[in-house]
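First the structure, in the form of structure tokens, and then the observations on it.
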Amino acid sequence: MASDEILREALVDLAKAREFEARQRRESEALLAGLRVLIKPMESSRMFRELLEVMQNVLDFAGAFVLQGRPDGSLLATVATADLFLHRRWQPAAMFKRVLNHAATTVFDVKMVEEWRKQPPEVLAEVGSALHVPLRGGDQAAILVCTHPRRSHFGRAHHRLAENFSTLASQALLNAERQQMEAQLFQARKMEALGILAGGIAHDFNNILTPILIHSQMATLEAGTNPALQKSLSQIEQAAERAGKLIHQILDFNRQGKHDPRPIHLGPVIKEAIKFLRSTIAPNIEIEYKQKRKNDMVAADPTQMLQVVMNLAINAAHAMRKTGGRLAIELGTAAQPASLPPEVTNRQGWLKLTVTDNGPGIAAENLNRIFDPFFTTKTKGEGSGMGLAVAHGIISKHGGAIRVYSEPGQGACFEILLPEITGPAQAMEEQESSPAMPGGGEHILFVDDEMPVIKAFVPMLERLGYRVSTAVNGEDALRVIARQPQKYDLLITDYNMPGINGEEVAARAVKLNPQLPVILCTGFAGPLNEGGRHGRNIAAYMAKPFRMSEFAATIRQALATKKK
């Protein structure tokens with residue numbers, strides 16, 4: 001009898017040993033599977049999801065998500081096995097603070113813990129117990145949370161296994177962040193290269209547009225009472241001006257367009273855009289606007305902000321034009337954008353503007369190209385491909401960030417983050433009426449390396465009564481000024497010329513004649529701005545193309561600055 005008892009105990013011990021061996025083998029195989037996931041070449045977010053699948057087979061959890069620290073001290077769910085947990089914000093209390101101090105913590109009943117009690121009912125209905133494992137501490141804190149609907153599901157074995165997997169999970173998270181940073185760096189370099197190209201195109205195109213616009217305006221003055229001719233010339237002029245607006249969009253993408261930031265309320269700008277939209281988009285599209293915060297002040301150019309809202313909203317409306325839908329615009333609060341460097345942190349907070357549609361969404365292969373200039377999925381004639389590129393350039397220029405979230409069939413959400421300010425706001429300026437075309441009898445030296453530009457401007461200036469001499473480059477201009485420094489009353493020079501550029505010509509010319517005022521003209525706005533002018537006698541800067549009336553008024557203003 002005793003021998004039977006001993007045999008039974010031996011068999012039980014053997015079964016336990018085999019069970020332990022099998023469990024150890026499963027755990028080792030799971031760790032090896034996790035390592036294989038890490039070394040496989042794949043997109044980082046997919047890598048993390050596959051690692052969670054491996055962990056789920058061993059830890060037997062129902063759901064899992066990663067909480068990452070934000071600059072305001074909160075934690076945000078950035079990766080999750082279910083949308084229920086994704087993007088939810090948590091405020092650390094006693095339990096999370098313990099986890100952040102590198103102490104894995106099992107919660108047998110989540111309703112007994114402060115952090116979990118603050119979650120909405122739909123979350124608490126799906127979670128009974130949870131296991132919290134620290135992945136990283138400090139400013140870049142991260143926590144892995146495993147959940148199960150049954151209370152007291154997680155025990156010591158789960159606790160130990162989760163700690164073993166935490167190193168793999170931490171490495172996968174690091175890989176994902178590194179890949180994201182590399183993608184952002186690549187995108188920034190690509191946008192910079194495209195910006196340089198766009199600026200060069202703008203310069204050459206403006207030099208072509210300028211003589212077209214000037215000649216058409218001069219011909220209109222000669223057309224007299226011929227209505228047919230006046231109509232044709234007016235159409236030429238309008239076409240040239242439309243092309244000029246496209247160039248301004250290119251310069252905005254390249255962050256070189258006119259930029260006039262001042263304290264404004266963003267809400268009225270959005271409402272102004274909505275007024276335009278109601279009369280232009282299809283009637284089967286509903287527009288909804290919500291402003292979730294009282295202070296909506298930013299330092300921005302109101303015209304450019306209006307353009308951004310219009311561009312995003314028109315794109316959204318176009319996506320829903322056939323089926324109809326809802327266009328939702330919302331203004332609320334945001335945390336510091338993680339993609340921005342620490343030195344641009346705004347102490348007063350951030351505004352978040354979202355433009356959301358429930359259209360067909362954006363294909364995954366197009367998301368990385370969505371802000372590229374001239375990239376469009378629209379058919380020929382429906383768009384230039386510049387709208388989102390311009391929006392990206394404007395928001396970047398204002399020190400903000402723009403990003404897009406979309407899945408096929410789920411619509412798209414464009415999110416804009418802008419630094420908030422406080423203080424008195426300024427209203428949008430009214431457009432001035434077109435000034436007259438005053439002339440005079442002074443002697444002007446006109447310098448440009450493009451002969452079509454010279455042939456357009458000389459007759460125009462002569463028509464206004466001026467005496468005009470010309471030079472085709474900076475060296476020739478300085479030679480003629482050196483021969484007779486007092487001969488010329490005004491120097492008008494292009495900026496971007498081979499050899500000596502216009503700014504250097506102006507600096508040397510003023511040394512030869514300190515009383516000589518200068519007007520700098522260019523089709524490429526990049527290097528020139530009011531704060532960067534050299535010399536006291538640079539009286540004005542003009543960006544091509546421009547109207548005769550505008551140019552005539554600027555000449556008179558420049559001549560008025562000449563010392564007596």
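By order of appearance in the structure tokens: chains A, B, ..., then residues from 1 within every chain, and ligands from 1 in the order shown.
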Practice task
Considering only C-alpha atoms, return as an MDAnalysis selection string whatever protein or nucleic-acid residues lie within 9 Å of Asp494 of chain A, sequence-local ones (same chain, fewer than 5 positions apart) excluded.
Solution key: chainID A and resid 446:449 473 501:503 519:523
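When only C-alpha atoms are used to measure the gap to Trp350 of chain A, the shortest distance among A:Gly244, A:Pro419, A:Pro438, A:Gly474 belongs to A:Pro419.
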Practice task
One decimal, Å: what's the distance from atom CA of His443 of chain A over to atom CA of Leu516 of chain A, could you say?
Solution key: 11.1 Å
Problem - Shell around segment 399-414 of chain A at 6 Å using only C-alpha atoms, local window under 3 positions removed, as a VMD selection string - result: chain A and resid 354 to 363 395 to 396 417 to 418
Exercise for the section: Would you mind listing what lies within 8 Å of segment 126-129 of chain A as a VMD selection string, with only C-alpha atoms counted and same-chain residues fewer than 3 positions away left out? Expected result: chain A and resid 106 to 111 122 to 123 147 to 154
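Note that the spacing between atom CA of Gly439 of chain A and atom CA of Ile555 of chain A amounts to 8.4 Å.
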